[in-house]
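Below is run.txt, which holds compact mmCIF, C-alpha atoms and all ligand atoms.
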```txt
# COMPACT_ATOMS: atom_id res chain seq x y z
CA MET A 30 39.06 -8.32 -0.95
CA THR A 31 35.32 -8.09 -0.36
CA VAL A 32 33.57 -5.51 -2.55
CA MET A 33 31.26 -3.54 -0.29
CA THR A 34 28.01 -2.11 -1.61
CA GLY A 35 24.61 -1.45 -0.09
CA LEU A 36 21.40 0.51 0.13
CA VAL A 37 21.09 3.89 1.83
CA GLY A 38 17.63 4.98 2.94
CA HIS A 39 15.30 5.34 5.91
CA PRO A 40 13.77 2.90 6.59
CA VAL A 41 15.53 0.12 4.67
CA SER A 42 14.73 -3.06 6.60
CA HIS A 43 11.85 -4.01 4.23
CA SER A 44 14.04 -3.81 1.11
CA ARG A 45 14.30 -6.68 -1.37
CA SER A 46 17.47 -5.28 -2.96
CA PRO A 47 19.85 -7.43 -0.85
CA LEU A 48 18.12 -10.55 -2.22
CA ILE A 49 18.75 -9.35 -5.78
CA HIS A 50 22.39 -8.31 -5.37
CA GLU A 51 23.31 -11.33 -3.26
CA TYR A 52 21.77 -13.62 -5.91
CA TRP A 53 23.98 -12.07 -8.62
CA LEU A 54 27.10 -11.99 -6.42
CA LYS A 55 26.69 -15.73 -5.88
CA GLU A 56 25.84 -16.42 -9.52
CA HIS A 57 28.97 -14.61 -10.73
CA GLN A 58 31.18 -15.86 -7.87
CA ILE A 59 32.11 -12.36 -6.77
CA ARG A 60 33.25 -11.86 -3.19
CA GLY A 61 31.07 -8.97 -2.14
CA CYS A 62 28.33 -7.86 0.18
CA TYR A 63 25.24 -5.66 -0.06
CA ASN A 64 24.42 -4.04 3.27
CA LEU A 65 21.36 -2.17 4.45
CA VAL A 66 22.50 1.26 5.65
CA ASP A 67 19.72 2.99 7.58
CA LEU A 68 20.43 6.74 7.67
CA PRO A 69 17.86 9.21 9.00
CA CYS A 70 18.01 12.55 7.13
CA GLU A 71 20.17 14.38 9.68
CA THR A 72 22.86 11.67 9.48
CA LEU A 73 23.03 11.35 5.67
CA GLN A 74 26.14 13.45 5.07
CA HIS A 75 28.11 11.85 7.89
CA GLY A 76 26.90 8.40 6.86
CA LEU A 77 28.09 8.87 3.29
CA GLU A 78 31.52 10.04 4.53
CA LYS A 79 31.72 6.80 6.48
CA LEU A 80 30.92 4.72 3.37
CA ARG A 81 33.63 6.61 1.50
CA SER A 82 36.22 6.01 4.22
CA ASP A 83 35.15 2.37 4.59
CA ASP A 84 36.02 1.88 0.89
CA TYR A 85 32.53 1.11 -0.36
CA ARG A 86 32.44 0.56 -4.15
CA GLY A 87 29.00 2.15 -4.31
CA PHE A 88 25.45 2.17 -3.02
CA ASN A 89 21.84 2.51 -4.05
CA VAL A 90 19.71 5.29 -2.67
CA THR A 91 16.05 5.05 -1.72
CA VAL A 92 13.37 7.07 0.08
CA PRO A 93 13.80 9.74 1.42
CA HIS A 94 17.29 10.54 0.08
CA LYS A 95 17.00 10.30 -3.72
CA VAL A 96 16.92 14.07 -4.15
CA SER A 97 18.99 15.25 -1.17
CA VAL A 98 21.88 12.90 -2.05
CA MET A 99 22.45 14.87 -5.26
CA ARG A 100 24.18 17.78 -3.52
CA LEU A 101 26.44 15.35 -1.65
CA CYS A 102 27.71 13.70 -4.86
CA ASP A 103 30.87 15.03 -6.50
CA HIS A 104 29.40 14.33 -9.96
CA VAL A 105 25.79 13.81 -11.10
CA ASP A 106 25.28 12.65 -14.69
CA ASP A 107 22.84 14.18 -17.19
CA LEU A 108 20.27 11.41 -16.82
CA ALA A 109 20.01 11.84 -13.05
CA GLN A 110 19.89 15.62 -13.52
CA SER A 111 16.94 15.37 -15.87
CA ILE A 112 15.08 12.91 -13.62
CA GLY A 113 15.96 15.15 -10.68
CA ALA A 114 17.05 12.27 -8.45
CA VAL A 115 19.94 9.84 -7.89
CA ASN A 116 19.33 6.17 -7.08
CA THR A 117 22.83 4.76 -7.72
CA VAL A 118 26.20 6.06 -6.55
CA THR A 119 29.60 4.69 -7.53
CA ILE A 120 32.68 5.58 -5.50
CA SER A 121 35.87 5.84 -7.50
CA GLY A 122 39.12 7.57 -6.49
CA GLY A 123 37.28 8.84 -3.40
CA GLN A 124 34.70 10.66 -5.55
CA LEU A 125 30.95 10.03 -5.51
CA TYR A 126 29.38 9.60 -8.98
CA GLY A 127 25.58 9.72 -9.03
CA THR A 128 23.27 8.35 -11.71
CA ASN A 129 19.71 7.10 -11.99
CA THR A 130 18.73 3.63 -13.25
CA ASP A 131 14.96 3.84 -12.59
CA SER A 132 13.98 4.85 -16.14
CA PHE A 133 16.03 1.93 -17.49
CA GLY A 134 14.29 -0.38 -14.99
CA PHE A 135 10.85 0.83 -15.99
CA VAL A 136 11.45 0.34 -19.73
CA GLN A 137 13.29 -2.98 -19.46
CA ASN A 138 10.58 -4.48 -17.27
CA ILE A 139 8.00 -3.89 -20.01
CA LYS A 140 10.38 -5.03 -22.76
CA GLU A 141 11.20 -8.25 -20.92
CA LEU A 142 7.57 -9.22 -20.30
CA ILE A 143 6.04 -7.98 -23.58
CA PRO A 144 8.92 -8.02 -26.11
CA THR A 145 6.64 -7.02 -29.00
CA PHE A 146 5.27 -3.94 -27.23
CA ASP A 147 5.74 -0.80 -29.32
CA PHE A 148 5.96 2.32 -27.17
CA SER A 149 5.91 4.65 -30.16
CA ILE A 150 2.48 3.83 -31.62
CA GLY A 151 0.30 5.81 -29.23
CA PRO A 152 -0.08 8.00 -26.16
CA ALA A 153 0.73 7.00 -22.59
CA LEU A 154 -1.26 8.04 -19.54
CA VAL A 155 0.86 8.49 -16.41
CA LEU A 156 -0.93 8.66 -13.05
CA GLY A 157 1.06 10.59 -10.43
CA ALA A 158 3.67 13.32 -10.58
CA GLY A 159 6.18 12.34 -7.89
CA GLY A 160 9.74 11.06 -8.15
CA ALA A 161 8.73 7.71 -9.67
CA ALA A 162 6.72 9.49 -12.36
CA ARG A 163 9.79 11.53 -13.35
CA ALA A 164 11.78 8.35 -14.04
CA VAL A 165 8.83 6.84 -15.93
CA VAL A 166 8.37 9.93 -18.13
CA GLN A 167 12.11 10.02 -18.86
CA GLY A 168 11.88 6.37 -20.00
CA LEU A 169 8.81 7.07 -22.16
CA LEU A 170 10.54 10.01 -23.87
CA GLU A 171 13.57 7.82 -24.61
CA GLN A 172 11.22 5.26 -26.20
CA ASP A 173 9.71 7.90 -28.50
CA VAL A 174 6.24 7.88 -27.01
CA PRO A 175 4.47 10.53 -29.13
CA GLU A 176 2.25 11.94 -26.38
CA ILE A 177 2.46 11.64 -22.59
CA ILE A 178 -0.62 12.59 -20.62
CA LEU A 179 0.15 13.40 -17.00
CA CYS A 180 -2.66 13.11 -14.47
CA ASN A 181 -2.12 13.98 -10.83
CA ARG A 182 -4.44 14.65 -7.89
CA THR A 183 -2.66 17.92 -7.14
CA LEU A 184 -2.64 19.95 -10.34
CA SER A 185 0.10 22.36 -9.20
CA LYS A 186 2.53 19.44 -8.86
CA ALA A 187 1.80 18.39 -12.43
CA THR A 188 2.50 21.96 -13.58
CA GLU A 189 5.84 21.93 -11.71
CA PHE A 190 6.59 18.59 -13.33
CA LEU A 191 6.04 20.05 -16.77
CA LYS A 192 8.57 22.80 -16.01
CA LEU A 193 11.14 20.20 -14.97
CA PHE A 194 10.83 18.67 -18.40
CA ASN A 195 11.13 22.14 -20.00
CA ASN A 196 7.50 22.04 -21.17
CA THR A 197 8.51 19.43 -23.73
CA ASN A 198 5.99 19.10 -26.59
CA GLU A 199 5.17 15.47 -25.84
CA LEU A 200 3.87 16.21 -22.34
CA ARG A 201 0.44 17.53 -21.43
CA ILE A 202 -1.61 17.61 -18.25
CA ILE A 203 -5.18 16.59 -17.60
CA ASP A 204 -7.28 17.03 -14.50
CA TRP A 205 -7.38 14.13 -12.00
CA GLN A 206 -11.18 13.96 -12.50
CA LEU A 207 -10.63 13.08 -16.16
CA ARG A 208 -8.53 9.95 -15.52
CA ALA A 209 -11.33 7.60 -16.59
CA ASP A 210 -12.59 9.78 -19.42
CA TYR A 211 -13.52 8.01 -22.66
CA GLN A 212 -11.63 10.55 -24.83
CA VAL A 213 -8.46 9.74 -22.92
CA LEU A 214 -8.71 6.00 -22.20
CA SER A 215 -9.90 4.94 -25.64
CA ARG A 216 -6.80 6.49 -27.31
CA ILE A 217 -3.97 5.41 -25.06
CA ASN A 218 -1.47 2.64 -25.76
CA LEU A 219 -0.13 2.46 -22.22
CA LEU A 220 -1.42 3.23 -18.72
CA ILE A 221 1.04 3.49 -15.84
CA ASN A 222 0.22 3.97 -12.17
CA THR A 223 3.12 5.69 -10.40
CA THR A 224 1.09 6.75 -7.35
CA SER A 225 1.23 4.83 -4.10
CA LEU A 226 -2.45 3.88 -4.45
CA GLY A 227 -2.95 0.11 -4.41
CA MET A 228 0.08 -0.53 -2.22
CA THR A 229 -0.46 -2.79 0.79
CA GLY A 230 -1.90 -0.63 3.57
CA LYS A 231 -2.93 2.21 1.23
CA SER A 232 -6.33 2.74 -0.38
CA SER A 233 -6.71 1.35 -3.86
CA LEU A 234 -6.82 3.45 -7.00
CA ASP A 235 -10.38 4.50 -7.65
CA MET A 236 -10.52 4.39 -11.44
CA ASP A 237 -12.96 2.93 -13.91
CA ILE A 238 -10.93 1.54 -16.82
CA THR A 239 -13.75 0.15 -18.92
CA HIS A 240 -13.08 2.69 -21.70
CA LEU A 241 -9.52 1.43 -22.11
CA HIS A 242 -8.77 0.13 -25.59
CA ARG A 243 -8.37 -3.66 -25.50
CA ASP A 244 -4.85 -3.46 -26.97
CA ALA A 245 -3.62 -1.08 -24.29
CA LEU A 246 -1.02 -2.26 -21.80
CA VAL A 247 -1.39 -1.55 -18.08
CA ASN A 248 1.65 -1.27 -15.82
CA ASP A 249 1.61 -0.64 -12.08
CA ILE A 250 4.90 0.26 -10.49
CA VAL A 251 3.53 -0.79 -7.09
CA TYR A 252 4.84 -4.32 -6.43
CA ALA A 253 3.47 -5.09 -2.96
CA PRO A 254 1.05 -6.66 -3.65
CA LEU A 255 2.22 -7.96 -7.01
CA MET A 256 -1.32 -8.02 -8.42
CA THR A 257 -2.75 -4.63 -7.47
CA PRO A 258 -6.51 -4.03 -7.79
CA LEU A 259 -5.77 -1.99 -10.96
CA LEU A 260 -3.90 -4.89 -12.57
CA GLN A 261 -6.59 -7.37 -11.54
CA LYS A 262 -9.27 -5.21 -13.16
CA ALA A 263 -7.20 -4.77 -16.33
CA GLN A 264 -6.51 -8.49 -16.62
CA MET A 265 -10.18 -9.34 -16.06
CA GLN A 266 -11.24 -7.16 -18.97
CA GLY A 267 -8.59 -8.63 -21.27
CA ASN A 268 -5.86 -5.98 -21.25
CA ARG A 269 -2.21 -6.98 -21.13
CA ILE A 270 -0.58 -6.24 -17.81
CA VAL A 271 2.95 -5.81 -16.45
CA THR A 272 3.56 -5.99 -12.69
CA GLY A 273 5.94 -3.65 -10.89
CA ILE A 274 8.49 -6.02 -9.42
CA GLY A 275 10.48 -6.15 -12.66
CA MET A 276 11.23 -2.43 -12.45
CA LEU A 277 12.97 -3.09 -9.13
CA LEU A 278 14.85 -6.03 -10.66
CA HIS A 279 15.91 -4.23 -13.83
CA GLN A 280 16.96 -0.95 -12.14
CA ALA A 281 19.42 -3.05 -10.11
CA ARG A 282 21.22 -4.39 -13.22
CA PRO A 283 23.15 -1.24 -14.30
CA ALA A 284 24.07 -0.58 -10.65
CA PHE A 285 25.56 -4.07 -10.36
CA GLN A 286 27.38 -3.50 -13.64
CA LYS A 287 28.90 -0.22 -12.45
CA TRP A 288 30.22 -1.83 -9.27
CA HIS A 289 31.23 -5.29 -10.54
CA GLY A 290 31.71 -4.93 -14.31
CA ILE A 291 29.03 -7.46 -15.32
CA LEU A 292 25.50 -6.66 -16.54
CA PRO A 293 23.50 -9.44 -14.81
CA GLU A 294 20.26 -10.98 -16.09
CA VAL A 295 16.83 -11.24 -14.51
CA THR A 296 16.19 -14.99 -14.43
CA THR A 297 12.84 -16.61 -13.69
CA GLU A 298 14.39 -18.01 -10.52
CA LEU A 299 15.35 -14.49 -9.36
CA ARG A 300 11.93 -13.10 -10.28
CA ASN A 301 10.26 -15.83 -8.20
CA LEU A 302 12.64 -15.32 -5.30
CA VAL A 303 11.94 -11.59 -5.11
CA SER A 304 8.19 -11.91 -5.78
CA LYS A 305 7.58 -14.05 -2.69
P1 LIG B 401 7.30 8.73 -5.35
O1 LIG B 401 8.64 9.39 -5.22
O2 LIG B 401 7.30 7.27 -4.99
O3 LIG B 401 6.65 8.97 -6.67
P2 LIG B 401 5.80 10.85 -4.08
O4 LIG B 401 6.75 11.84 -4.65
O5 LIG B 401 5.37 11.02 -2.68
O6 LIG B 401 6.40 9.38 -4.20
O7 LIG B 401 4.52 10.79 -5.04
C1 LIG B 401 3.40 10.05 -4.72
C2 LIG B 401 2.34 10.24 -5.83
O8 LIG B 401 1.17 9.53 -5.43
C3 LIG B 401 1.93 11.70 -6.02
O9 LIG B 401 1.65 11.91 -7.40
C4 LIG B 401 0.64 11.79 -5.20
O10 LIG B 401 -0.27 12.76 -5.61
P3 LIG B 401 -0.22 14.28 -5.01
O11 LIG B 401 0.84 14.99 -5.79
O12 LIG B 401 -1.57 14.82 -5.25
O13 LIG B 401 0.12 14.14 -3.55
C5 LIG B 401 0.05 10.41 -5.45
N1 LIG B 401 -0.92 10.06 -4.41
C6 LIG B 401 -0.67 9.66 -3.14
N2 LIG B 401 -1.83 9.43 -2.48
C7 LIG B 401 -2.85 9.70 -3.35
C8 LIG B 401 -4.27 9.65 -3.29
N3 LIG B 401 -4.91 9.27 -2.17
N4 LIG B 401 -4.98 10.00 -4.40
C9 LIG B 401 -4.36 10.38 -5.53
N5 LIG B 401 -3.01 10.44 -5.66
C10 LIG B 401 -2.26 10.11 -4.60
```

Can you present the structure in this file as structure tokens?
Ligand code: ATR
Amino acid sequence: MTVMTGLVGHPVSHSRSPLIHEYWLKEHQIRGCYNLVDLPCETLQHGLEKLRSDDYRGFNVTVPHKVSVMRLCDHVDDLAQSIGAVNTVTISGGQLYGTNTDSFGFVQNIKELIPTFDFSIGPALVLGAGGAARAVVQGLLEQDVPEIILCNRTLSKATEFLKLFNNTNELRIIDWQLRADYQVLSRINLLINTTSLGMTGKSSLDMDITHLHRDALVNDIVYAPLMTPLLQKAQMQGNRIVTGIGMLLHQARPAFQKWHGILPEVTTELRNLVSK
């Protein structure tokens, strides 16, 4: 029997997820497939019914369905509830179980590339307050980051964000204009860009990072291009950097494990394959 899995989104044709899952299926000699399932919003419910009746084992969820898929799942676990989005669904006994593996992906990417990095020794500055930022903040809280400074162009969205995390003590907001401020940059241990700025076709992030402490780590979750202007600048001035592609690779691991019972590894060969 072929185990059927895939990616639900709109559009999906650009996705690198099939490369990742097909690599692991081959490596572990599992007869399975990972299909791209393009579902515009109005067809999502019907499309998911079809996956259920076609005996899919599960599927990943991407833009624009990560939030709307929640109400179509029969069960959504606590982690996905607190992130406010589902990116992985497992189908068992005809029921849809939703979870979210993005916070795991974010943390594991940094741990893989900088194993000695200690999240708990200082504040983190998070740029952006969208869905990706929610997964990142969830990961930072799990790693005992003592202070998380959220900085978003639209202040009201940052305020909403704070409410989602129940105004947790670790989180505070600063104005977008203060992103390069000395008082902020000189104290932080970690800087993460979760906005779409720097992505191929988008404008780059306009931010002077000269005040950043030399020991601070810079992570961009944008992975196309791999070396964003922010990461280039950080590397040039001697800061450690972590590219975004590993978050995509690592978020796929628990999904694969849920569907196939094996937690696969991110090998150098796979990293190179997906980074092309
Ligand atoms: P995702 O789910 O990938 O995080 P999103 O929810 O659309 O996507 O969030 C995109 C983030 O990029 C938001 O924080 C957005 O800021 P606003 O809340 O002000 O829209 C940020 N962003 C996008 N374009 C931006 C720009 N030109 N300048 C600053 N921030 C930008």

Distance of CA of Leu226 in chain A from atom N4 of ligand LIG 401 (chain B), expressed in Å to one decimal place: 6.6 Å

Can you list, as a PyMOL selection string, every protein, DNA or RNA residue that comes within 8 Å of range 37-54 of chain A when you count only C-alpha atoms, leaving out same-chain residues fewer than 5 positions away? chain A and resi 59-70+88-94+277-278+281+285+293+299+302-303

Which residue gives the smallest distance to ligand LIG 401 (chain B) among A:Thr183, A:Asn218, A:Thr239, A:Thr272, with all atoms listed in the file counted? A:Thr183

Return as lines of an AutoDock Vina configuration file the centre and edge lengths, in Å with one decimal, of the box along x, y and z that encloses every atom of ligand LIG 401 (chain B) in the file, padded by 5 Å per side.
```
center_x = 1.8
center_y = 11.1
center_z = -4.8
size_x = 23.6
size_y = 17.7
size_z = 15.2
```

Within 10 Å of ligand LIG 401 (chain B), counting only C-alpha atoms and all ligand atoms: which residues, as a PyMOL selection string? chain A and resi 91-93+95-96+114+155-165+179-187+205+222-227+231-235+250-251

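With all atoms listed in the file as the basis for measurement, A:Val98 is the residue among A:Val98, A:Thr188, A:Phe133, A:Lys305 that approaches Thr72 in chain A most closely.
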
Which one of A:Gln286, A:Ser304, A:Asn196, A:Gln212 sits closest to Pro254 in chain A if you count all atoms listed in the file? A:Ser304

What does the distance from CA of Asp131 in chain A to CA of Ile112 in chain A come to in Å, to one decimal? 9.1 Å
